[in-house]
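**Student:** One file: query_6.pdb (PDB, C-alpha atoms).
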```
ATOM      1  CA  MET A 283      19.986 -11.238   0.712
ATOM      2  CA  ASP A 284      17.532 -14.055  -0.094
ATOM      3  CA  ASN A 285      14.321 -15.188   1.630
ATOM      4  CA  ALA A 286      16.079 -17.751   3.814
ATOM      5  CA  SER A 287      18.684 -15.281   5.061
ATOM      6  CA  LEU A 288      16.015 -12.733   5.866
ATOM      7  CA  CYS A 289      13.983 -15.304   7.801
ATOM      8  CA  VAL A 290      17.035 -16.179   9.890
ATOM      9  CA  ALA A 291      17.713 -12.497  10.567
ATOM     10  CA  LEU A 292      14.140 -11.861  11.692
ATOM     11  CA  ALA A 293      14.079 -14.968  13.879
ATOM     12  CA  ALA A 294      16.966 -13.444  15.815
ATOM     13  CA  CYS A 295      15.036 -10.208  16.464
ATOM     14  CA  PRO A 296      11.925 -11.100  18.526
ATOM     15  CA  SER A 297      11.817  -7.634  20.158
ATOM     16  CA  LEU A 298      12.049  -5.753  16.859
ATOM     17  CA  LEU A 299       9.830  -2.658  16.774
ATOM     18  CA  ASP A 300      10.812  -1.081  13.472
ATOM     19  CA  LEU A 301      11.649  -2.908  10.232
ATOM     20  CA  GLU A 302      12.473  -1.281   6.907
ATOM     21  CA  ILE A 303      13.271  -3.204   3.730
ATOM     22  CA  VAL A 304      14.110  -1.382   0.510
ATOM     23  CA  GLY A 305      15.056  -2.907  -2.818
ATOM     24  CA  LEU A 306      15.954  -6.426  -1.678
ATOM     25  CA  HIS A 307      14.962  -9.356  -3.921
ATOM     26  CA  VAL A 308      12.872 -11.082  -1.288
ATOM     27  CA  GLU A 309       9.250 -12.226  -1.531
ATOM     28  CA  LEU A 310       6.555 -10.258   0.241
ATOM     29  CA  ARG A 311       4.648 -13.275   1.510
ATOM     30  CA  GLN A 312       7.744 -14.987   2.930
ATOM     31  CA  THR A 313       8.843 -11.782   4.603
ATOM     32  CA  LEU A 314       5.474 -11.126   6.209
ATOM     33  CA  MET A 315       5.228 -14.719   7.364
ATOM     34  CA  SER A 316       8.605 -14.336   9.103
ATOM     35  CA  VAL A 317       7.543 -11.058  10.684
ATOM     36  CA  SER A 318       4.279 -12.610  11.834
ATOM     37  CA  SER A 319       6.064 -15.595  13.381
ATOM     38  CA  ASN A 320       8.936 -13.767  15.059
ATOM     39  CA  CYS A 321       8.264 -10.059  15.552
ATOM     40  CA  HIS A 322       5.109  -9.843  17.652
ATOM     41  CA  LEU A 323       6.018  -6.461  19.131
ATOM     42  CA  ILE A 324       6.621  -4.721  15.825
ATOM     43  CA  GLU A 325       5.028  -1.287  15.447
ATOM     44  CA  ARG A 326       6.422   0.032  12.190
ATOM     45  CA  LEU A 327       6.699  -1.973   8.973
ATOM     46  CA  PHE A 328       8.128  -0.544   5.745
ATOM     47  CA  PHE A 329       8.746  -2.655   2.650
ATOM     48  CA  GLU A 330       9.442  -1.312  -0.839
ATOM     49  CA  SER A 331       9.536  -3.747  -3.739
ATOM     50  CA  SER A 332      12.545  -3.911  -6.030
ATOM     51  CA  LYS A 333      10.289  -4.949  -8.921
ATOM     52  CA  THR A 334       7.209  -2.764  -8.874
ATOM     53  CA  GLY A 335       3.976  -4.567  -9.665
ATOM     54  CA  ARG A 336       5.585  -7.995 -10.087
ATOM     55  CA  ASP A 337       5.402  -9.457  -6.600
ATOM     56  CA  ASP A 338       1.941 -10.992  -6.277
ATOM     57  CA  SER A 339       2.895 -13.600  -3.693
ATOM     58  CA  LEU A 340       0.817 -12.276  -0.787
ATOM     59  CA  LYS A 341      -2.072 -14.470   0.302
ATOM     60  CA  SER A 342      -5.039 -13.671   2.515
ATOM     61  CA  PRO A 343      -4.069 -16.167   5.256
ATOM     62  CA  THR A 344      -0.729 -14.359   5.574
ATOM     63  CA  CYS A 345      -2.553 -11.043   5.999
ATOM     64  CA  VAL A 346      -4.781 -12.521   8.689
ATOM     65  CA  ASP A 347      -1.838 -14.044  10.570
ATOM     66  CA  LEU A 348       0.041 -10.750  10.467
ATOM     67  CA  VAL A 349      -2.958  -8.880  11.865
ATOM     68  CA  ASN A 350      -3.485 -11.409  14.660
ATOM     69  CA  ASN A 351       0.182 -11.868  15.605
ATOM     70  CA  CYS A 352       1.362  -8.257  15.268
ATOM     71  CA  PRO A 353      -1.488  -6.162  16.711
ATOM     72  CA  ASN A 354       0.739  -3.187  17.595
ATOM     73  CA  ILE A 355       1.436  -2.097  14.025
ATOM     74  CA  SER A 356       0.551   1.582  13.682
ATOM     75  CA  TYR A 357       2.711   2.358  10.640
ATOM     76  CA  LEU A 358       2.343   0.207   7.509
ATOM     77  CA  SER A 359       4.017   0.951   4.192
ATOM     78  CA  LEU A 360       3.901  -1.591   1.370
ATOM     79  CA  ARG A 361       5.096   0.130  -1.772
ATOM     80  CA  GLY A 362       5.261  -1.237  -5.295
ATOM     81  CA  PHE A 363       3.586  -4.616  -4.729
ATOM     82  CA  LYS A 364       0.644  -6.167  -6.513
ATOM     83  CA  LEU A 365      -2.030  -5.790  -3.857
ATOM     84  CA  HIS A 366      -5.706  -6.534  -4.290
ATOM     85  CA  ASP A 367      -8.322  -4.599  -2.373
ATOM     86  CA  TYR A 368      -9.611  -7.391  -0.191
ATOM     87  CA  LYS A 369      -6.141  -8.154   1.142
ATOM     88  CA  VAL A 370      -5.472  -4.490   1.803
ATOM     89  CA  ARG A 371      -8.814  -4.321   3.602
ATOM     90  CA  ILE A 372      -7.826  -7.210   5.882
ATOM     91  CA  LEU A 373      -4.711  -5.289   6.879
ATOM     92  CA  VAL A 374      -6.244  -1.835   7.270
ATOM     93  CA  LYS A 375      -9.318  -3.010   9.165
ATOM     94  CA  GLY A 376      -7.387  -5.592  11.157
ATOM     95  CA  PHE A 377      -4.725  -3.320  12.624
ATOM     96  CA  ARG A 378      -6.751  -1.496  15.274
ATOM     97  CA  LYS A 379      -3.882   0.927  16.040
ATOM     98  CA  LEU A 380      -3.094   1.803  12.423
ATOM     99  CA  LYS A 381      -2.480   5.515  11.886
ATOM    100  CA  TYR A 382      -0.238   5.552   8.830
ATOM    101  CA  ALA A 383      -0.845   3.562   5.622
ATOM    102  CA  ASP A 384       1.152   3.917   2.404
ATOM    103  CA  PHE A 385       0.439   1.730  -0.639
ATOM    104  CA  SER A 386       2.099   3.980  -3.228
ATOM    105  CA  THR A 387       2.875   2.548  -6.689
ATOM    106  CA  SER A 388       1.038  -0.662  -5.852
ATOM    107  CA  TYR A 389      -0.869  -2.462  -8.581
ATOM    108  CA  SER A 390      -4.429  -3.818  -8.589
ATOM    109  CA  ILE A 391      -5.698  -1.501  -5.840
ATOM    110  CA  SER A 392      -8.926   0.013  -7.171
ATOM    111  CA  GLY A 393      -9.999   1.654  -3.933
ATOM    112  CA  THR A 394     -12.897  -0.633  -3.019
ATOM    113  CA  PHE A 395     -11.115  -1.424   0.253
ATOM    114  CA  LEU A 396     -12.000   2.114   1.343
ATOM    115  CA  ARG A 397     -15.746   1.461   1.436
ATOM    116  CA  ASN A 398     -17.262   1.719   4.932
ATOM    117  CA  LEU A 399     -13.762   1.791   6.347
ATOM    118  CA  GLY A 400     -13.953   4.758   8.666
ATOM    119  CA  SER A 401     -17.260   4.178  10.423
ATOM    120  CA  GLY A 402     -16.307   1.183  12.568
ATOM    121  CA  PHE A 403     -13.287  -0.509  14.123
ATOM    122  CA  GLY A 404     -10.217  -0.626  11.961
ATOM    123  CA  GLY A 405      -9.330   2.264   9.666
ATOM    124  CA  ASN A 406     -11.084   4.891  11.755
ATOM    125  CA  LEU A 407      -7.831   6.003  13.409
ATOM    126  CA  LEU A 408      -6.030   6.672  10.129
ATOM    127  CA  GLU A 409      -4.144   9.952  10.107
ATOM    128  CA  VAL A 410      -2.152   9.446   6.925
ATOM    129  CA  LEU A 411      -3.238   7.586   3.773
ATOM    130  CA  ILE A 412      -1.004   7.571   0.685
ATOM    131  CA  LEU A 413      -2.220   6.040  -2.585
ATOM    132  CA  ARG A 414       0.066   7.925  -4.958
ATOM    133  CA  ASP A 415       0.516   6.397  -8.412
ATOM    134  CA  CYS A 416      -1.663   3.355  -7.735
ATOM    135  CA  MET A 417      -2.339   2.505 -11.376
ATOM    136  CA  HIS A 418      -5.786   0.961 -10.924
ATOM    137  CA  LEU A 419      -7.191   3.441  -8.401
ATOM    138  CA  LYS A 420     -10.664   4.474  -9.580
ATOM    139  CA  GLU A 421     -11.996   8.015  -9.404
ATOM    140  CA  VAL A 422     -15.414   6.744  -8.273
ATOM    141  CA  GLU A 423     -13.864   5.021  -5.244
ATOM    142  CA  VAL A 424     -11.920   8.159  -4.351
ATOM    143  CA  ALA A 425     -15.158  10.136  -4.661
ATOM    144  CA  ARG A 426     -16.944   7.684  -2.335
ATOM    145  CA  PHE A 427     -14.122   7.914   0.179
ATOM    146  CA  LEU A 428     -14.112  11.720   0.276
ATOM    147  CA  THR A 429     -17.900  11.746   0.506
ATOM    148  CA  ALA A 430     -17.529   9.607   3.630
ATOM    149  CA  VAL A 431     -14.997  12.128   4.960
ATOM    150  CA  LEU A 432     -17.555  14.888   4.398
ATOM    151  CA  ALA A 433     -20.132  12.813   6.257
ATOM    152  CA  GLY A 434     -17.901  12.720   9.332
ATOM    153  CA  ASP A 435     -15.896   9.506   8.918
ATOM    154  CA  PHE A 436     -12.099   9.393   9.292
ATOM    155  CA  LYS A 437     -12.152  12.093  11.947
ATOM    156  CA  PHE A 438      -8.395  11.823  12.548
ATOM    157  CA  LEU A 439      -7.350  12.002   8.891
ATOM    158  CA  ARG A 440      -4.879  14.831   8.316
ATOM    159  CA  TYR A 441      -2.984  13.794   5.175
ATOM    160  CA  LEU A 442      -4.289  12.176   1.970
ATOM    161  CA  ASP A 443      -2.391  11.692  -1.294
ATOM    162  CA  ILE A 444      -4.342  10.425  -4.320
ATOM    163  CA  SER A 445      -2.005  11.919  -6.924
ATOM    164  CA  ASN A 446      -1.434   9.863 -10.047
ATOM    165  CA  ARG A 447       0.980  10.619 -12.840
ATOM    166  CA  GLU A 448      -1.341   8.826 -15.269
ATOM    167  CA  GLY A 449      -4.672  10.003 -13.954
ATOM    168  CA  LEU A 450      -7.310   7.984 -12.113
ATOM    169  CA  ALA A 451      -9.077   5.022 -13.699
ATOM    170  CA  SER A 452     -12.650   5.471 -14.868
ATOM    171  CA  GLU A 453     -15.384   3.225 -13.488
ATOM    172  CA  GLY A 454     -16.181   1.237 -16.619
ATOM    173  CA  ASP A 455     -12.887   1.149 -18.509
ATOM    174  CA  TRP A 456      -9.459   1.033 -16.908
ATOM    175  CA  TYR A 457      -7.913   2.521 -20.052
ATOM    176  CA  GLN A 458     -10.117   5.609 -19.764
ATOM    177  CA  ARG A 459      -8.245   7.947 -17.456
ATOM    178  CA  SER A 460      -9.576  10.913 -15.496
ATOM    179  CA  TYR A 461      -7.309  13.944 -15.164
ATOM    180  CA  ASN A 462      -9.735  16.518 -13.805
ATOM    181  CA  SER A 463     -12.581  14.736 -12.055
ATOM    182  CA  SER A 464     -15.891  16.508 -11.569
ATOM    183  CA  ILE A 465     -17.243  13.893  -9.154
ATOM    184  CA  ILE A 466     -14.494  14.063  -6.528
ATOM    185  CA  PRO A 467     -15.481  16.679  -3.887
ATOM    186  CA  LEU A 468     -11.998  18.101  -3.332
ATOM    187  CA  LYS A 469     -13.109  21.681  -2.746
ATOM    188  CA  GLN A 470     -15.874  20.674  -0.348
ATOM    189  CA  VAL A 471     -13.520  18.528   1.710
ATOM    190  CA  LEU A 472     -11.005  21.354   2.037
ATOM    191  CA  GLU A 473     -13.776  23.695   3.138
ATOM    192  CA  VAL A 474     -15.268  21.327   5.713
ATOM    193  CA  ARG A 475     -11.957  19.805   6.866
ATOM    194  CA  PRO A 476      -9.358  22.608   6.444
ATOM    195  CA  ASN A 477      -6.931  20.663   8.654
ATOM    196  CA  ILE A 478      -6.483  17.980   5.992
ATOM    197  CA  CYS A 479      -3.529  18.213   3.617
ATOM    198  CA  LEU A 480      -5.018  16.804   0.403
ATOM    199  CA  LEU A 481      -2.690  16.108  -2.523
ATOM    200  CA  ALA A 482      -4.393  15.432  -5.861
ATOM    201  CA  GLU A 483      -1.822  16.060  -8.561
ATOM    202  CA  PHE A 484      -2.649  14.798 -12.048
ATOM    203  CA  PRO A 485      -1.126  15.397 -15.499
ATOM    204  CA  SER A 486      -2.801  17.572 -18.083
ATOM    205  CA  GLU A 487      -5.428  15.697 -20.084
ATOM    206  CA  GLY A 488      -3.889  13.715 -22.890
ATOM    207  CA  CYS A 489      -0.575  13.077 -21.109
ATOM    208  CA  TYR A 490      -1.502   9.494 -20.274
ATOM    209  CA  ILE A 491       1.268   7.101 -21.307
ATOM    210  CA  ASP A 492       0.166   3.890 -22.982
ATOM    211  CA  ILE A 493       0.866   0.879 -20.781
ATOM    212  CA  ASP A 494       2.329  -1.244 -23.564
ATOM    213  CA  HIS A 495       4.707   1.575 -24.425
ATOM    214  CA  MET A 496       5.748   1.919 -20.792
ATOM    215  CA  PHE A 497       6.182  -1.817 -20.462
ATOM    216  CA  ASP A 498       8.600  -1.956 -23.392
ATOM    217  CA  SER A 499      10.496   1.224 -22.594
ATOM    218  CA  ASP A 500      12.993   1.924 -19.876
ATOM    219  CA  VAL A 501      10.985   3.453 -17.054
ATOM    220  CA  ASN A 502      13.273   2.247 -14.333
ATOM    221  CA  SER A 503      14.619   4.536 -11.658
ATOM    222  CA  GLU A 504      17.462   3.834  -9.266
ATOM    223  CA  ILE A 505      17.745   4.666  -5.621
ATOM    224  CA  SER A 506      21.312   5.325  -4.521
ATOM    225  CA  LEU A 507      21.673   3.104  -1.497
ATOM    226  CA  PRO A 508      24.567   0.957  -0.343
ATOM    227  CA  SER A 509      24.344  -2.471  -1.954
ATOM    228  CA  GLN A 510      23.040  -5.231   0.291
ATOM    229  CA  LEU A 511      22.924  -3.140   3.451
ATOM    230  CA  SER A 512      21.714  -4.758   6.635
ATOM    231  CA  SER A 513      22.104  -2.918   9.902
ATOM    232  CA  HIS A 514      20.654  -2.447  13.352
ATOM    233  CA  THR A 515      20.035   1.165  14.284
ATOM    234  CA  SER A 516      20.494   2.588  17.746
ATOM    235  CA  ASP A 517      16.748   2.608  18.442
ATOM    236  CA  GLY A 518      16.343  -1.137  17.942
ATOM    237  CA  SER A 519      15.136  -1.004  14.349
ATOM    238  CA  LEU A 520      16.382  -3.111  11.461
ATOM    239  CA  LEU A 521      17.132  -1.609   8.060
ATOM    240  CA  MET A 522      17.757  -3.747   5.025
ATOM    241  CA  SER A 523      18.240  -2.401   1.536
ATOM    242  CA  SER A 524      19.759  -2.910  -1.877
ATOM    243  CA  SER A 525      20.817  -0.437  -4.534
ATOM    244  CA  GLU A 526      18.182  -1.626  -6.984
ATOM    245  CA  SER A 527      14.716  -0.131  -7.349
ATOM    246  CA  SER A 528      12.526  -0.099 -10.448
ATOM    247  CA  TYR A 529       9.143   1.075 -11.581
ATOM    248  CA  ASN A 530       7.563  -1.045 -14.296
ATOM    249  CA  SER A 531       3.951  -0.567 -15.318
ATOM    250  CA  ASP A 532       1.709  -3.612 -15.539
ATOM    251  CA  GLN A 533      -2.006  -3.687 -16.197
ATOM    252  CA  GLY A 534      -2.554  -7.009 -14.456
ATOM    253  CA  SER A 535      -4.987  -7.093 -11.550
ATOM    254  CA  GLY A 536      -6.368  -9.762  -9.190
ATOM    255  CA  ASN A 537      -7.103 -10.883  -5.582
ATOM    256  CA  GLU A 538      -7.154 -14.014  -3.421
ATOM    257  CA  GLU A 539      -7.266 -15.805  -0.041
ATOM    258  CA  TYR A 540      -7.645 -15.317   3.991
ATOM    259  CA  GLN A 541      -6.240 -14.572   8.666
ATOM    260  CA  VAL A 542      10.903  -3.312  17.323
ATOM    261  CA  SER A 543       9.803  -0.772  14.579
ATOM    262  CA  GLY A 544       8.368  -1.325  11.133
ATOM    263  CA  PHE A 545       9.013  -3.667   8.179
ATOM    264  CA  VAL A 546       7.726  -3.235   4.618
ATOM    265  CA  ILE A 547       6.298  -5.771   2.148
ATOM    266  CA  TYR A 548       3.947  -5.802  -0.853
ATOM    267  CA  GLU A 549       1.879  -8.191  -2.934
ATOM    268  CA  GLU A 550      -1.134  -8.721  -5.106
ATOM    269  CA  SER A 551      -4.865  -8.659  -4.286
ATOM    270  CA  SER A 552      -8.180  -8.889  -6.098
ATOM    271  CA  ASP A 553     -11.825  -8.250  -5.409
ATOM    272  CA  GLU A 554     -12.903  -7.054  -2.019
ATOM    273  CA  VAL A 555     -13.536  -9.827   0.474
ATOM    274  CA  ASP A 556     -14.094  -9.248   4.160
ATOM    275  CA  PHE A 557     -12.194 -12.228   5.509
ATOM    276  CA  LEU A 558     -10.911 -11.317   8.940
ATOM    277  CA  VAL A 559     -10.602 -13.424  12.042
ATOM    278  CA  VAL A 560     -10.013 -11.630  15.345
TER     279      VAL A 560
END
```
What is this file in structure tokens?
**Tutor:**
Amino acid sequence: MDNASLCVALAACPSLLDLEIVGLHVELRQTLMSVSSNCHLIERLFFESSKTGRDDSLKSPTCVDLVNNCPNISYLSLRGFKLHDYKVRILVKGFRKLKYADFSTSYSISGTFLRNLGSGFGGNLLEVLILRDCMHLKEVEVARFLTAVLAGDFKFLRYLDISNREGLASEGDWYQRSYNSSIIPLKQVLEVRPNICLLAEFPSEGCYIDIDHMFDSDVNSEISLPSQLSSHTSDGSLLMSSSESSYNSDQGSGNEEYQVSGFVIYEESSDEVDFLVV
């Protein structure tokens, strides 16, 4: 299925509440634009990239339009896209009903979007936050986030996954990886908030795989799904998938621009910018 076919399919589903896209070769920005234009009642959006870290098509204006046109989204999963922090922040802060956010295996996310996220509108209702294997996630940003949790923010948070098979990035040098951080208050959080399931699984020190080596080697994994599947489920959701899914490491990072069931889509972001129109 290509971008045009997907747009036509979404245009025919104005009452769609749940949209799931896995492994199709469609662009994140085009998909989200179609969702924003046609699926105003959507509540759950799941999109997993077929080419991890390569789709950097998402623009800030698309994020803003999605937030304004689809205010009922409570479940958002954009996995394997190149997403910069300021774009992620537009989405997380913009969706006032958001309870579930999953940006696993996404590139360029450093964690700066988490700053001051749980003290005001947008982000404060989060119950589940998954940042597993986000290559550029920094330990200092995770530490800041959990310090905010200790201070009383994110009162509804019950599940957090910051695991990374290559360790967290250090503040000054992305190539310096942290496998056993002394600045992240994991123990304190579990003592103060025993109701939170906190996953922080890292490899033993020295197990970090060089990016260039990963880039040149075969690190692709396949998901066994029917090829080019598109179907409507009994509960009014739309599932689209392909048999292809890959995980390729890329050290690129960047950000840019501005404002039924779930649908998933990913893209690239850069520095944090609070550009949100409501």
**Student:** Go ahead and compute the interatomic distance for atom CA of A:Gly393 and atom CA of A:Ile303, in Å to one decimal.
**Tutor:**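 Atom CA of A:Ile303 lies at a distance of 25.0 Å from atom CA of A:Gly393.
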**Student:** Could you work out how far atom CA of A:Ser445 lies from atom CA of A:Cys479, giving the answer in Å with one decimal?
**Tutor:**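 Result for atom CA of A:Cys479 versus atom CA of A:Ser445: 12.4 Å, one decimal.
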**Student:** Could you tell me, as a PyMOL selection string, exactly which residues end up selected when the PyMOL selection byres ((chain A and resi 432-440) around 8) is applied to this structure?
**Tutor:** chain A and resi 400-401+405-411+428-431+441-442+470-471+474-475+477-479
**Student:** Could you tell me how far atom CA of A:Ser390 lies from atom CA of A:Arg378, in Å and to one decimal?
**Tutor:** 24.1 Å
**Student:** Given the file above and the PyMOL selection byres ((chain A and resi 385) around 8), which residues are selected, and can you give them as a list of chain:residue names?
**Tutor:** A:Ser359, A:Leu360, A:Arg361, A:Gly362, A:Ala383, A:Asp384, A:Ser386, A:Thr387, A:Ser388, A:Ile412, A:Leu413, A:Arg414, A:Cys416
**Student:** Using the chain letters and residue numbers of this document, give as number ranges by chain the residues selected by the PyMOL selection byres ((chain A and resi 352-354) around 10).
**Tutor:** A: 299, 317-326, 346-351, 355-357, 376-380, 543
**Student:** Write out, as a PDB file, in the coordinates of the input, the residues just selected, with C-alpha atoms.
**Tutor:**
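Output (again.pdb):
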```
ATOM      1  CA  LEU A 299       9.830  -2.658  16.774  1.00  0.00           C
ATOM      2  CA  VAL A 317       7.543 -11.058  10.684  1.00  0.00           C
ATOM      3  CA  SER A 318       4.279 -12.610  11.834  1.00  0.00           C
ATOM      4  CA  SER A 319       6.064 -15.595  13.381  1.00  0.00           C
ATOM      5  CA  ASN A 320       8.936 -13.767  15.059  1.00  0.00           C
ATOM      6  CA  CYS A 321       8.264 -10.059  15.552  1.00  0.00           C
ATOM      7  CA  HIS A 322       5.109  -9.843  17.652  1.00  0.00           C
ATOM      8  CA  LEU A 323       6.018  -6.461  19.131  1.00  0.00           C
ATOM      9  CA  ILE A 324       6.621  -4.721  15.825  1.00  0.00           C
ATOM     10  CA  GLU A 325       5.028  -1.287  15.447  1.00  0.00           C
ATOM     11  CA  ARG A 326       6.422   0.032  12.190  1.00  0.00           C
ATOM     12  CA  VAL A 346      -4.781 -12.521   8.689  1.00  0.00           C
ATOM     13  CA  ASP A 347      -1.838 -14.044  10.570  1.00  0.00           C
ATOM     14  CA  LEU A 348       0.041 -10.750  10.467  1.00  0.00           C
ATOM     15  CA  VAL A 349      -2.958  -8.880  11.865  1.00  0.00           C
ATOM     16  CA  ASN A 350      -3.485 -11.409  14.660  1.00  0.00           C
ATOM     17  CA  ASN A 351       0.182 -11.868  15.605  1.00  0.00           C
ATOM     18  CA  ILE A 355       1.436  -2.097  14.025  1.00  0.00           C
ATOM     19  CA  SER A 356       0.551   1.582  13.682  1.00  0.00           C
ATOM     20  CA  TYR A 357       2.711   2.358  10.640  1.00  0.00           C
ATOM     21  CA  GLY A 376      -7.387  -5.592  11.157  1.00  0.00           C
ATOM     22  CA  PHE A 377      -4.725  -3.320  12.624  1.00  0.00           C
ATOM     23  CA  ARG A 378      -6.751  -1.496  15.274  1.00  0.00           C
ATOM     24  CA  LYS A 379      -3.882   0.927  16.040  1.00  0.00           C
ATOM     25  CA  LEU A 380      -3.094   1.803  12.423  1.00  0.00           C
ATOM     26  CA  SER A 543       9.803  -0.772  14.579  1.00  0.00           C
TER      27      SER A 543
END
```
**Student:** Report as a VMD selection string all protein, DNA and RNA residues lying within 7 Å of A:Met283, evaluated on only C-alpha atoms, omitting residues in the same chain fewer than 2 positions from it.
**Tutor:** chain A and resid 285 287 to 288 306 510
**Student:** Rank nothing, just name the residue among A:Val424, A:Leu373, A:Leu314, A:Leu450 nearest to A:Gly404, using only C-alpha atoms.
**Tutor:** A:Leu373
**Student:** Taking (11.0, -17.9, 9.4) in the file's coordinates as the center, which residues reach within 8 Å of it, counting all atoms listed in the file, put as a list of chain:residue names?
**Tutor:**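 Final list of nearby residues, as requested, is A:Ala286, A:Cys289, A:Val290, A:Leu292, A:Ala293, A:Gln312, A:Met315, A:Ser316, A:Val317, A:Ser319, A:Asn320.
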**Student:** Find the residues around A:Phe395 up to 8 Å (only C-alpha atoms counted), leave out those fewer than 6 positions away in its own chain, and share them as number ranges by chain.
**Tutor:** A: 367-368, 370-371, 554
